[in-house]
Amino acid sequence: MTTRHLSIGLTTLLLAACGDDGSNVTATITDGGQTSDATTDDSGTPTTTQTPPTSETAPTTTDPGGTDSDSGDTTTAGTTDSTTAGVTDTDGTTLPDTTGTPDPVCGNGEVEGGEACDDGNDVEGDGCEPSCVPTPVCGNGEVEQGEVCDDGNTDDGDECSADCQIATPAPVCGDGTVQEPEQCDDGNQDPGDGCEPDCTPTPPECGNGVKEGTEQCDDGNDVNGGPGDFCKNDCTVFVPATCNAPAEYAVCDDALNLADKADKTQVHKAIGICNDNPANSIQITDWSFNATDNASWQIAKGFGSYTYDHDMDANTPNKLLYSPREGDTMLIISTGTISAPNGNGIVTQPPNSQSGFVGSNANPDQPESMPAPMVPQNGSNGGNGGTPFKGCDGVNDCSDTLQYQWFEIADADPNDKLWFTFKTTVPAGTYGYTFDFVFCSGEWPTFVDTAFNDLLVAWQVDPTPANPMANPPVEPYTGNVTFIPDPNDPTKGLPLTITALDPYYDGPGYTYAEPQLQGTGFEQHACSDWFTAKGGVQPGAEITIGFFITDMGDPYYTSTALLDNFRWDCEGCVPSEVDDCGVMPPM
């Protein structure tokens with residue numbers, strides 16, 4: 001070794017002993033195949049660290065402490081080949097393998113690592129999948145890869161679908177959702193409220209005064225039918241032998257041409273008057289239908305788009321809220337225009353399309369009077385008024401509900417008038433009739449308590465002579481039938497306007513954004529629920545019936561009525577008992 005090499009070696013030992021304080025700058029020096037790092041400290045004095053030539057074998061340190069605990073040597077003779085399974089220390093200990101184990105190869109026919117199977121191919125569905133897991137078997141009761149559920153069968157309609165891809169939780173009675181096999185679910189566990197704790201309908205209780213389920217009637221008394229009692233104790237209707245009204249009515253509106261506006265007889269058929277024979281239908285004469293604008297009326301199989309579970313049976317389709325009450329169709333009349341029925345016979349209208357300056361139609365505004373035989377003047381007390389429903393003069397309105405509305409509120413200004421009338425003879429032993437209706441209006445709520453108050457009137461003329469001495473007294477009624485009880489005076493009625501209906505629209509009717517208004521065109525406004533109106537008549541009388549709708553005060557903001565299910569009523573009602581006749585609001 002030369003003196004220069006010896007000097008470098010000593011310098012290297014000194015550097016190893018002193019270390020680098022991190023403040024030095026290092027450079028590399030090459031000398032005859034050897035390299036050395038020359039470091040200059042802050043004082044400018046260079047120091048070097050020698051690196052062995054690449055042709056020499058570097059010693060391998062086996063003890064991180066720098067001293068072997070057995071021999072005191074700091075190095076071993078050489079390195080172990082990197083391809084061997086491990087490294088052996090000088091004390092004979094085998095160190096962990098750092099080279100890693102080869103990953104399993106799915107498809108090589110050998111089950112390795114985390115593989116559950118390996119059939120040597122990548123064919124799906126042959127027992128072992130290309131991912132080396134067993135092929136799932138739907139219906140074996142085990143949830144396997146790719147399955148959402150497995151209930152041990154391949155049946156649809158239970159808690160797991162036939163292909164094991166859809167899990168359906170078991171129904172929970174009381175969660176408010178009807179699921180098979182539940183027949184109803186009202187969201188509680190209260191018995192006797194319509195849906196029992198086992199999610200079956202509450203059986204009707206005959207005699208509680210509430211018509212429920214399949215009951216035909218329920219008058220809440222113990223009288224088993226007879227004079228003055230038309231409901232038997234089994235909640236079926238008692239029909240006195242003297243009542244000659246039809247027991248079953250013919251259906252005559254199941255094949256109507258909804259687009260045919262020339263045949264006006266379709267109108268009375270749509271509301272349930274078939275004019276067939278006395279045993280199965282109401283007989284009428286002198287039919288007159290008055291509407292210049294054919295778009296102001298429609299015969300339809302439904303109105304709007306809202307449906308509901310009408311029979312609490314999840315297996316039957318839902319029913320339109322506004323659908324016929326009998327037969328296949330109903331009549332829709334309007335102070336504006338109505339969209340034609342779609343291919344399914346249903347009238348649906350754009351949202352909120354019946355409000356604003358859109359209500360006018362081509363129906364007449366003149367003369368500024370009600371169409372005959374209707375008259376708005378008070379007709380009670382022999383025509384002097386003041387005793388509503390009593391002492392009818394046989395010509396004017398015995399309800400005394402129209403005069404103030406017509407003259408004082410609306411200034412006798414009807415617009416867009418539509419009406420129809422007919423005559424019929426009341427069957428023997430029959431004391432009344434009923435019909436169902438809905439009243440919607442774009443005027444609500446803006447024009448409540450104003451002159452702009454669209455009006456719907458059903459009118460009757462009963463020419464029977466009065467006989468107060470008879471038992472019971474004969475009190476024939478002529479006047480407005482669609483009156484509704486005055487909440488401020490139960491002895492009086494109010495005409496059918498948005499002002500009178502205002503408290504009923506909020507409930508049980510529908511207003512603003514309630515979903516029941518969808519497709520009606522009255523979104524953000526109001527429609528009633530179905531109402532029933534009752535008229536009281538005398539057996540054997542030839543009566544006149546009329547219906548009339550008009551826009552009061554201006555021709556704008558549409559109002560629409562649905563009419564259906566005109567029927568005789570053996571029991572009838574007494575007009576002087578305000579809560580017995582007139583409009584029967586739904587409970």
# chains A, B, ... in the order shown; residues from 1 in each chain; ligands from 1
>>> residues_around(residues="region 287-300 of chain A", least_positions_apart="5", cutoff="8 Å", atoms="only C-alpha atoms", output="PyMOL selection string")
chain A and resi 258+261+264-265+267+270+329-341+345-347+361-364+417-423
>>> select_by_dssp(residues="region 162-399 of chain A", states="strand (DSSP E)", output="number ranges by chain")
A: 285-290, 297-300, 302-308, 319-322, 330-334, 346-347
>>> atom_distance(atom1="CA of Phe447 (chain A)", atom2="CA of Gly519 (chain A)")
22.6 Å
>>> atom_distance(atom1="CA of Ile409 (chain A)", atom2="CA of Pro367 (chain A)")
18.0 Å
>>> closest_residue(among="A:Val137, A:Gly356, A:Tyr249, A:Thr348", to="Gly125 (chain A)", atoms="only C-alpha atoms")
A:Val137
>>> residues_around(residues="Gly572 (chain A)", least_positions_apart="6", cutoff="12 Å", atoms="only C-alpha atoms", output="number ranges by chain")
A: 228-230, 243, 245, 426-427, 429-434, 533-539, 580-582
>>> residues_around(residues="Glu142 (chain A)", least_positions_apart="3", cutoff="8 Å", atoms="only C-alpha atoms", output="list in words")
Cys138, Gly139, Cys149, Asp150, Asp151 and Gly152 of chain A
>>> write_last_selection(atoms="N, CA, C and O atoms", output="PDB file, in the first residue's frame")
ATOM      1  N   CYS A 138     -79.008 -20.676  -6.172  1.00  0.00           N
ATOM      2  CA  CYS A 138     -80.162 -19.999  -5.599  1.00  0.00           C
ATOM      3  C   CYS A 138     -81.173 -21.023  -5.117  1.00  0.00           C
ATOM      4  O   CYS A 138     -81.571 -21.911  -5.872  1.00  0.00           O
ATOM      5  N   GLY A 139     -81.554 -20.896  -3.860  1.00  0.00           N
ATOM      6  CA  GLY A 139     -82.534 -21.809  -3.293  1.00  0.00           C
ATOM      7  C   GLY A 139     -81.959 -22.821  -2.341  1.00  0.00           C
ATOM      8  O   GLY A 139     -82.691 -23.644  -1.791  1.00  0.00           O
ATOM      9  N   CYS A 149     -79.946 -12.491  -1.406  1.00  0.00           N
ATOM     10  CA  CYS A 149     -80.647 -13.249  -0.366  1.00  0.00           C
ATOM     11  C   CYS A 149     -80.805 -14.678  -0.852  1.00  0.00           C
ATOM     12  O   CYS A 149     -80.575 -14.986  -2.028  1.00  0.00           O
ATOM     13  N   ASP A 150     -81.187 -15.583   0.038  1.00  0.00           N
ATOM     14  CA  ASP A 150     -81.479 -16.963  -0.327  1.00  0.00           C
ATOM     15  C   ASP A 150     -82.325 -17.558   0.785  1.00  0.00           C
ATOM     16  O   ASP A 150     -81.841 -17.783   1.905  1.00  0.00           O
ATOM     17  N   ASP A 151     -83.631 -17.735   0.511  1.00  0.00           N
ATOM     18  CA  ASP A 151     -84.560 -18.208   1.533  1.00  0.00           C
ATOM     19  C   ASP A 151     -84.858 -19.699   1.414  1.00  0.00           C
ATOM     20  O   ASP A 151     -85.805 -20.197   1.998  1.00  0.00           O
ATOM     21  N   GLY A 152     -84.044 -20.411   0.623  1.00  0.00           N
ATOM     22  CA  GLY A 152     -84.200 -21.857   0.545  1.00  0.00           C
ATOM     23  C   GLY A 152     -85.204 -22.321  -0.488  1.00  0.00           C
ATOM     24  O   GLY A 152     -85.541 -23.505  -0.531  1.00  0.00           O
TER      25      GLY A 152
END
>>> closest_residue(among="A:Glu159, A:Asp502, A:Asp234, A:Asp365", to="Thr446 (chain A)", atoms="only C-alpha atoms")
A:Asp502
>>> residues_around(residues="region 383-386 of chain A", least_positions_apart="4", cutoff="12 Å", atoms="only C-alpha atoms", output="PyMOL selection string")
chain A and resi 375-379+390-404+478-479+491-492
>>> closest_residue(among="A:Gly194, A:Pro240, A:Gly127, A:Pro465", to="Gly225 (chain A)", atoms="only C-alpha atoms")
A:Pro240
>>> atom_distance(atom1="CA of Trp406 (chain A)", atom2="CA of Phe389 (chain A)")
18.3 Å
>>> closest_residue(among="A:Asn480, A:Thr285, A:Gln179, A:Gln145", to="Gln165 (chain A)", atoms="only C-alpha atoms")
A:Gln145
>>> residues_around(residues="Pro473 (chain A)", least_positions_apart="2", cutoff="12 Å", atoms="only C-alpha atoms", output="VMD selection string")
chain A and resid 390 to 391 465 to 471 475 to 476 538 574 576
>>> closest_residue(among="A:Cys128, A:Ala458, A:Leu517, A:Ile549", to="Gly109 (chain A)", atoms="only C-alpha atoms")
A:Cys128
>>> closest_residue(among="A:Asn244, A:Asn221, A:Thr425, A:Thr450", to="Asn280 (chain A)", atoms="only C-alpha atoms")
A:Asn244
>>> residues_around(residues="Arg325 (chain A)", least_positions_apart="6", cutoff="10 Å", atoms="only C-alpha atoms", output="compact mmCIF listing (two decimals) with all heavy atoms, in the first residue's frame")
# COMPACT_ATOMS: atom_id res chain seq x y z
N ILE A 271 -125.61 9.93 -16.03
CA ILE A 271 -125.85 10.17 -14.60
C ILE A 271 -126.74 9.10 -13.99
O ILE A 271 -127.17 9.23 -12.84
CB ILE A 271 -126.43 11.57 -14.35
CG1 ILE A 271 -127.82 11.74 -14.97
CG2 ILE A 271 -125.49 12.65 -14.85
CD1 ILE A 271 -128.49 13.07 -14.62
N GLY A 272 -127.06 8.04 -14.77
CA GLY A 272 -127.77 6.89 -14.22
C GLY A 272 -129.25 6.83 -14.54
O GLY A 272 -129.96 5.99 -13.99
N PHE A 435 -128.71 12.13 -5.56
CA PHE A 435 -127.68 12.12 -6.60
C PHE A 435 -126.37 12.54 -5.94
O PHE A 435 -126.34 13.16 -4.86
CB PHE A 435 -128.04 13.05 -7.77
CG PHE A 435 -128.21 14.49 -7.40
CD1 PHE A 435 -127.13 15.38 -7.41
CD2 PHE A 435 -129.45 14.99 -7.03
CE1 PHE A 435 -127.28 16.70 -7.07
CE2 PHE A 435 -129.61 16.32 -6.68
CZ PHE A 435 -128.52 17.19 -6.70
N ASP A 436 -125.27 12.20 -6.60
CA ASP A 436 -123.93 12.51 -6.08
C ASP A 436 -123.29 13.59 -6.94
O ASP A 436 -123.52 13.65 -8.16
CB ASP A 436 -123.04 11.27 -6.08
CG ASP A 436 -123.58 10.16 -5.19
OD1 ASP A 436 -124.31 10.48 -4.23
OD2 ASP A 436 -123.28 8.98 -5.46
N PHE A 437 -122.47 14.44 -6.32
CA PHE A 437 -121.81 15.49 -7.09
C PHE A 437 -120.51 15.91 -6.43
O PHE A 437 -120.26 15.67 -5.24
CB PHE A 437 -122.73 16.72 -7.25
CG PHE A 437 -122.92 17.52 -5.99
CD1 PHE A 437 -122.10 18.60 -5.69
CD2 PHE A 437 -123.93 17.20 -5.09
CE1 PHE A 437 -122.27 19.33 -4.53
CE2 PHE A 437 -124.11 17.92 -3.92
CZ PHE A 437 -123.28 18.99 -3.64
N TRP A 530 -116.77 13.80 -2.85
CA TRP A 530 -118.10 13.49 -3.34
C TRP A 530 -119.14 13.82 -2.27
O TRP A 530 -119.02 13.42 -1.12
CB TRP A 530 -118.22 12.02 -3.71
CG TRP A 530 -117.64 11.66 -5.04
CD1 TRP A 530 -116.43 11.08 -5.29
CD2 TRP A 530 -118.26 11.85 -6.32
NE1 TRP A 530 -116.24 10.90 -6.64
CE2 TRP A 530 -117.35 11.37 -7.30
CE3 TRP A 530 -119.47 12.39 -6.75
CZ2 TRP A 530 -117.64 11.40 -8.67
CZ3 TRP A 530 -119.75 12.42 -8.11
CH2 TRP A 530 -118.84 11.94 -9.04
N LEU A 563 -121.44 15.08 -11.89
CA LEU A 563 -122.77 14.61 -11.50
C LEU A 563 -122.92 13.13 -11.85
O LEU A 563 -122.51 12.71 -12.95
CB LEU A 563 -123.87 15.40 -12.22
CG LEU A 563 -123.91 16.92 -11.98
CD1 LEU A 563 -124.91 17.57 -12.92
CD2 LEU A 563 -124.25 17.23 -10.53
N ASP A 564 -123.55 12.36 -10.94
CA ASP A 564 -123.75 10.94 -11.21
C ASP A 564 -124.72 10.34 -10.20
O ASP A 564 -125.05 10.96 -9.18
CB ASP A 564 -122.41 10.20 -11.15
CG ASP A 564 -122.44 8.85 -11.87
OD1 ASP A 564 -123.37 8.62 -12.66
OD2 ASP A 564 -121.53 8.04 -11.65
N ASN A 565 -125.18 9.12 -10.52
CA ASN A 565 -125.90 8.25 -9.58
C ASN A 565 -127.24 8.83 -9.14
O ASN A 565 -127.57 8.85 -7.95
CB ASN A 565 -125.02 7.97 -8.36
CG ASN A 565 -125.47 6.74 -7.59
OD1 ASN A 565 -126.02 5.81 -8.16
ND2 ASN A 565 -125.22 6.75 -6.28
N PHE A 566 -128.05 9.28 -10.09
CA PHE A 566 -129.40 9.75 -9.76
C PHE A 566 -130.27 8.53 -9.49
O PHE A 566 -130.40 7.64 -10.33
CB PHE A 566 -129.97 10.58 -10.92
CG PHE A 566 -131.19 11.36 -10.55
CD1 PHE A 566 -131.11 12.69 -10.20
CD2 PHE A 566 -132.45 10.75 -10.57
CE1 PHE A 566 -132.25 13.42 -9.86
CE2 PHE A 566 -133.60 11.46 -10.23
CZ PHE A 566 -133.50 12.80 -9.87
>>> select_by_dssp(residues="region 309-544 of chain A", states="helix (DSSP H, G or I)", output="count of residues only")
21
